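Reading through the structure tokens given below for one structure.
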Amino acid sequence: MLESYAKLTPGAFYLFQSDDFGRYSLPAVSEQIKAILGFDAHTLCQNPQLLFERLHPDDRSRVHTFIQQSRHDLSSFHCEYRIQHQAGHWIWLAAHSEPELLDNKITLWRGFLYDISSQKIAEQQLQQSNQSARALLDHLMDAVISIDAQGRILSFNRSAELLFGYQRHEAVGQNIRLLMPEAQAAQHDNHLARYQQGGKPSIVGSKRRLEAKHKDGRQFPIELRVAEMPHPDGKRFVGVLRDLSRQHRQDKVMQQLKQRDPLTQLPNRHAFLHTLSDVVKRRNSTPLQFALFLLNLDNFKQLNNATSHGFGDVALLEIARRLQQHFGSMYKLARLGGDEFAIIWPLLPAEHSPTLPELHTAVEQLQALIARPIAGAGYQCQLTACIGICMLAESMRPDQWLQSAEIALKAAKQQSCNSYQIYTEELATRDQLQGQ
């Protein structure tokens, strides 16, 4: 799954964590990291401190400050810094990631890492040149196109050729509408005429996101900046265009990742709350009844301490695999955090009696599924789970449904291992009295 996402970008995808004590870990990084840093993904995940040890001395404090600020504000982490390659030379990296606060007070960042050394070399050359050369070099990696007052293309740099698929000789002399979708092209001449007549500029002097059209007909998003340049033969306009396709793909990937538990790839708590809302909204349009099952593995913390966190992950992955394999698409699964899983269970309506026998059968299925031995990482175990169940009632909101199932789960855990409880008003009253 991780490598599939990583193929969408020339950079390296990574998961980075920090706890309350300032300890860092690197749960995952895509194999593209080797092409960037020289170290393979396994080495860095086993020893994430290696990354910080190889930071340039002048950048260490700034990187740590950015991490702490992102962790404190849960704001996006964007940082450029120097790091020593495995071969010994220094390279520039750009890191972009989004943080998420997990239930156990660990902050998890999901993001991408890029080698921007060539860009930094260009910037250094830029600083050594005059102001006009500096303005040009600043956009060497972007498409740069100039047009005259009638919209005819006058210049078309190499990046523009790569972006639009046209050779320079195919584009120069053509109207700039050649590069625009039909609806946008129809408006362009009017915009240009109004600007030259002293009207309000619609594009000149600002930065906009628009759709552009490739030679093959496909459309793609761009960022456009246009400036008016003085010229003896009349007005000239220079546009700098940046392809946003990769950014859009990354945004889509990040949105998908934010909805998934990083270990099991099941929907996480945030995504599951949306699923609960969807089920509640359509309860009147289906004859089915729905039950929410919460599973909490018994003595899982002790298992982790007695073996290793590696085996704990093996066990969680195996439980997730069994749940996914056993239940079809009608069942909605999620990992809510730690060793807690959730299932929305559709039940056929009973005409004369409650669904207690069906719920009991469902519990037996789950208990049998979980009880099968698990082996891996040099260990073997057999797990049990406590289960809290709540039927979806007519007046319940999604958060009430989940809270009621949590009350039932709490009661089951107080009873004994491998127990289950079905939510009742009596359980809710007892839980409220215990909390006072």
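Chain labels follow the order of the structure tokens: the first chain is A, the next B, and so on; residue numbering restarts at 1 in every chain, and ligands are counted from 1 in their shown order.
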
| message | From a backbone DSSP assignment, name each residue in segment 230-419 of chain A labelled helix (DSSP H, G or I), as a PyMOL selection string. | response | chain A and resi 245-258+269-281+283-285+300-306+309-326+356-371+398-415

| request: List the neighbours of segment 91-94 of chain A out to 10 Å using only C-alpha atoms; skip same-chain residues closer than 2 positions along the sequence, and give me the result as a PyMOL selection string. | output: chain A and resi 11+36-37+55-56+78-85+88-89+96+112-121

Next, write the just-selected residues to a file, as a tab-separated table (two decimals), in the first residue's frame, keeping N, CA, C and O atoms as the atom set.
```
chain	number	residue	atom	x	y	z
A	11	GLY	N	9.38	11.92	-5.09
A	11	GLY	CA	9.95	11.99	-3.75
A	11	GLY	C	9.73	10.71	-2.98
A	11	GLY	O	9.30	9.69	-3.52
A	36	ILE	N	17.57	9.01	-2.80
A	36	ILE	CA	17.76	10.38	-2.33
A	36	ILE	C	18.93	10.48	-1.35
A	36	ILE	O	19.80	11.33	-1.49
A	37	LEU	N	18.95	9.59	-0.33
A	37	LEU	CA	19.92	9.69	0.76
A	37	LEU	C	21.03	8.64	0.73
A	37	LEU	O	22.03	8.77	1.44
A	55	LEU	N	22.06	15.83	9.98
A	55	LEU	CA	21.61	17.19	9.66
A	55	LEU	C	22.79	18.16	9.71
A	55	LEU	O	23.69	18.02	10.55
A	56	HIS	N	22.77	19.14	8.85
A	56	HIS	CA	23.81	20.17	8.87
A	56	HIS	C	23.73	20.91	10.21
A	56	HIS	O	22.64	21.24	10.68
A	78	HIS	N	6.49	22.26	6.88
A	78	HIS	CA	7.19	22.55	5.63
A	78	HIS	C	8.58	23.05	6.01
A	78	HIS	O	8.71	24.07	6.70
A	79	CYS	N	9.59	22.35	5.56
A	79	CYS	CA	10.95	22.74	5.96
A	79	CYS	C	11.95	22.32	4.89
A	79	CYS	O	11.82	21.24	4.30
A	80	GLU	N	12.94	23.17	4.64
A	80	GLU	CA	14.05	22.86	3.75
A	80	GLU	C	15.32	22.86	4.58
A	80	GLU	O	15.55	23.77	5.39
A	81	TYR	N	16.17	21.86	4.38
A	81	TYR	CA	17.37	21.73	5.20
A	81	TYR	C	18.43	20.90	4.48
A	81	TYR	O	18.13	20.19	3.51
A	82	ARG	N	19.65	21.00	4.98
A	82	ARG	CA	20.76	20.23	4.43
A	82	ARG	C	21.00	18.97	5.25
A	82	ARG	O	20.85	18.99	6.48
A	83	ILE	N	21.37	17.91	4.56
A	83	ILE	CA	21.65	16.65	5.23
A	83	ILE	C	22.78	15.95	4.48
A	83	ILE	O	22.93	16.11	3.26
A	84	GLN	N	23.58	15.20	5.21
A	84	GLN	CA	24.73	14.53	4.60
A	84	GLN	C	24.32	13.20	3.99
A	84	GLN	O	23.76	12.33	4.65
A	85	HIS	N	24.59	13.04	2.70
A	85	HIS	CA	24.31	11.80	1.99
A	85	HIS	C	25.20	10.68	2.54
A	85	HIS	O	26.24	10.94	3.15
A	88	GLY	N	28.72	11.00	1.72
A	88	GLY	CA	29.51	12.03	2.37
A	88	GLY	C	29.23	13.45	1.92
A	88	GLY	O	29.58	14.40	2.64
A	89	HIS	N	28.61	13.64	0.77
A	89	HIS	CA	28.36	15.01	0.30
A	89	HIS	C	27.04	15.52	0.88
A	89	HIS	O	26.19	14.75	1.36
A	96	HIS	N	7.51	17.99	3.36
A	96	HIS	CA	6.14	18.52	3.45
A	96	HIS	C	5.27	17.43	4.06
A	96	HIS	O	5.18	16.33	3.52
A	112	PHE	N	5.86	13.84	2.34
A	112	PHE	CA	6.78	13.52	1.26
A	112	PHE	C	8.09	14.29	1.44
A	112	PHE	O	8.11	15.39	2.00
A	113	LEU	N	9.16	13.70	0.93
A	113	LEU	CA	10.50	14.25	1.04
A	113	LEU	C	11.08	14.35	-0.35
A	113	LEU	O	11.00	13.38	-1.13
A	114	TYR	N	11.68	15.51	-0.70
A	114	TYR	CA	12.20	15.71	-2.04
A	114	TYR	C	13.65	16.21	-1.98
A	114	TYR	O	14.03	16.95	-1.08
A	115	ASP	N	14.41	15.83	-2.99
A	115	ASP	CA	15.77	16.35	-3.17
A	115	ASP	C	15.66	17.62	-4.00
A	115	ASP	O	15.27	17.58	-5.16
A	116	ILE	N	16.00	18.77	-3.40
A	116	ILE	CA	15.91	20.05	-4.09
A	116	ILE	C	17.29	20.67	-4.28
A	116	ILE	O	17.43	21.88	-4.39
A	117	SER	N	18.32	19.82	-4.33
A	117	SER	CA	19.69	20.32	-4.44
A	117	SER	C	19.89	21.16	-5.70
A	117	SER	O	20.52	22.21	-5.66
A	118	SER	N	19.34	20.68	-6.83
A	118	SER	CA	19.53	21.43	-8.09
A	118	SER	C	18.86	22.79	-8.02
A	118	SER	O	19.38	23.79	-8.54
A	119	GLN	N	17.72	22.85	-7.36
A	119	GLN	CA	17.03	24.13	-7.20
A	119	GLN	C	17.86	25.08	-6.34
A	119	GLN	O	17.97	26.29	-6.63
A	120	LYS	N	18.47	24.57	-5.29
A	120	LYS	CA	19.30	25.41	-4.41
A	120	LYS	C	20.55	25.90	-5.13
A	120	LYS	O	21.01	27.03	-4.91
A	121	ILE	N	21.11	25.06	-6.00
A	121	ILE	CA	22.28	25.49	-6.77
A	121	ILE	C	21.89	26.64	-7.69
A	121	ILE	O	22.62	27.64	-7.82
```

| remark: Expressed in Å, the length from atom CA of Gly22 of chain A to atom CA of Lys258 of chain A is 22.8 Å

| task | Pick out the residues sitting within 10 Å of segment 412-429 of chain A, and hand them over as a PyMOL selection string; count only C-alpha atoms, and ignore anything fewer than 2 positions along from it in its own chain. | result | chain A and resi 291-299+356+359-360+363+367+371+383-391+401+403-410+431-435

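Coordinates place atom CA of Ile67 of chain A at a distance of 13.1 Å from atom CA of Ile106 of chain A.
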
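One finds atom CA of Val280 of chain A at 16.4 Å from atom CA of Leu348 of chain A.
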
| Nearest to Ser159 of chain A: which of A:Cys381, A:Leu336, A:Ile145, A:Ile222 is it, counting only C-alpha atoms? | A:Ile145

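Non-sequential neighbours of Phe156 of chain A (distance at most 8 Å, separation of 3 or more positions within a chain, only C-alpha atoms) are Ala143, Val144, Ile145, Ser146, Ile153, Ala160, Glu161, Arg168, Ala171 and Val172 of chain A.
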
Restricting the output to N, CA, C and O atoms, write the selected residues as a PDB file, in the first residue's frame.
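Contents of part-v2.pdb, freshly written:
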```
ATOM      1  N   ALA A 143       7.286  26.794 -16.613  1.00  0.00           N
ATOM      2  CA  ALA A 143       7.064  27.197 -17.994  1.00  0.00           C
ATOM      3  C   ALA A 143       6.973  28.717 -18.050  1.00  0.00           C
ATOM      4  O   ALA A 143       6.283  29.335 -17.243  1.00  0.00           O
ATOM      5  N   VAL A 144       7.688  29.317 -18.990  1.00  0.00           N
ATOM      6  CA  VAL A 144       7.657  30.774 -19.174  1.00  0.00           C
ATOM      7  C   VAL A 144       7.227  31.049 -20.612  1.00  0.00           C
ATOM      8  O   VAL A 144       7.862  30.582 -21.560  1.00  0.00           O
ATOM      9  N   ILE A 145       6.132  31.797 -20.766  1.00  0.00           N
ATOM     10  CA  ILE A 145       5.561  32.087 -22.087  1.00  0.00           C
ATOM     11  C   ILE A 145       5.309  33.590 -22.167  1.00  0.00           C
ATOM     12  O   ILE A 145       4.746  34.174 -21.237  1.00  0.00           O
ATOM     13  N   SER A 146       5.702  34.185 -23.265  1.00  0.00           N
ATOM     14  CA  SER A 146       5.391  35.611 -23.467  1.00  0.00           C
ATOM     15  C   SER A 146       4.457  35.746 -24.663  1.00  0.00           C
ATOM     16  O   SER A 146       4.519  34.959 -25.618  1.00  0.00           O
ATOM     17  N   ILE A 153       1.655  34.094 -29.171  1.00  0.00           N
ATOM     18  CA  ILE A 153       2.797  33.584 -28.406  1.00  0.00           C
ATOM     19  C   ILE A 153       4.092  34.047 -29.066  1.00  0.00           C
ATOM     20  O   ILE A 153       4.314  33.832 -30.266  1.00  0.00           O
ATOM     21  N   ALA A 160       7.991  24.926 -20.960  1.00  0.00           N
ATOM     22  CA  ALA A 160       6.667  25.030 -21.577  1.00  0.00           C
ATOM     23  C   ALA A 160       6.453  23.901 -22.581  1.00  0.00           C
ATOM     24  O   ALA A 160       5.347  23.346 -22.686  1.00  0.00           O
ATOM     25  N   GLU A 161       7.503  23.565 -23.326  1.00  0.00           N
ATOM     26  CA  GLU A 161       7.400  22.437 -24.260  1.00  0.00           C
ATOM     27  C   GLU A 161       7.056  21.146 -23.518  1.00  0.00           C
ATOM     28  O   GLU A 161       6.190  20.371 -23.954  1.00  0.00           O
ATOM     29  N   ARG A 168       8.582  24.298 -29.654  1.00  0.00           N
ATOM     30  CA  ARG A 168       8.617  25.763 -29.711  1.00  0.00           C
ATOM     31  C   ARG A 168       8.053  26.294 -31.027  1.00  0.00           C
ATOM     32  O   ARG A 168       7.231  27.216 -31.042  1.00  0.00           O
ATOM     33  N   ALA A 171       4.246  26.333 -31.251  1.00  0.00           N
ATOM     34  CA  ALA A 171       3.505  27.250 -30.383  1.00  0.00           C
ATOM     35  C   ALA A 171       3.704  28.715 -30.762  1.00  0.00           C
ATOM     36  O   ALA A 171       2.747  29.504 -30.746  1.00  0.00           O
ATOM     37  N   VAL A 172       4.944  29.111 -31.074  1.00  0.00           N
ATOM     38  CA  VAL A 172       5.221  30.516 -31.366  1.00  0.00           C
ATOM     39  C   VAL A 172       4.420  30.964 -32.592  1.00  0.00           C
ATOM     40  O   VAL A 172       4.387  30.290 -33.621  1.00  0.00           O
TER      41      VAL A 172
END
```

| field | Within 6 Å of Pro99 of chain A using only C-alpha atoms, minus same-chain residues under 3 positions, as a PyMOL selection string | value | chain A and resi 74+108-109

| request: Run DSSP on the backbone and grab whatever in segment 210-418 of chain A lands in strand (DSSP E); send it over as a count of residues only. | output: 59

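Proximity ranking of A:Ala334, A:Phe77, A:Ala149, A:Leu366 relative to Leu273 of chain A places A:Ala334 first, based on only C-alpha atoms.
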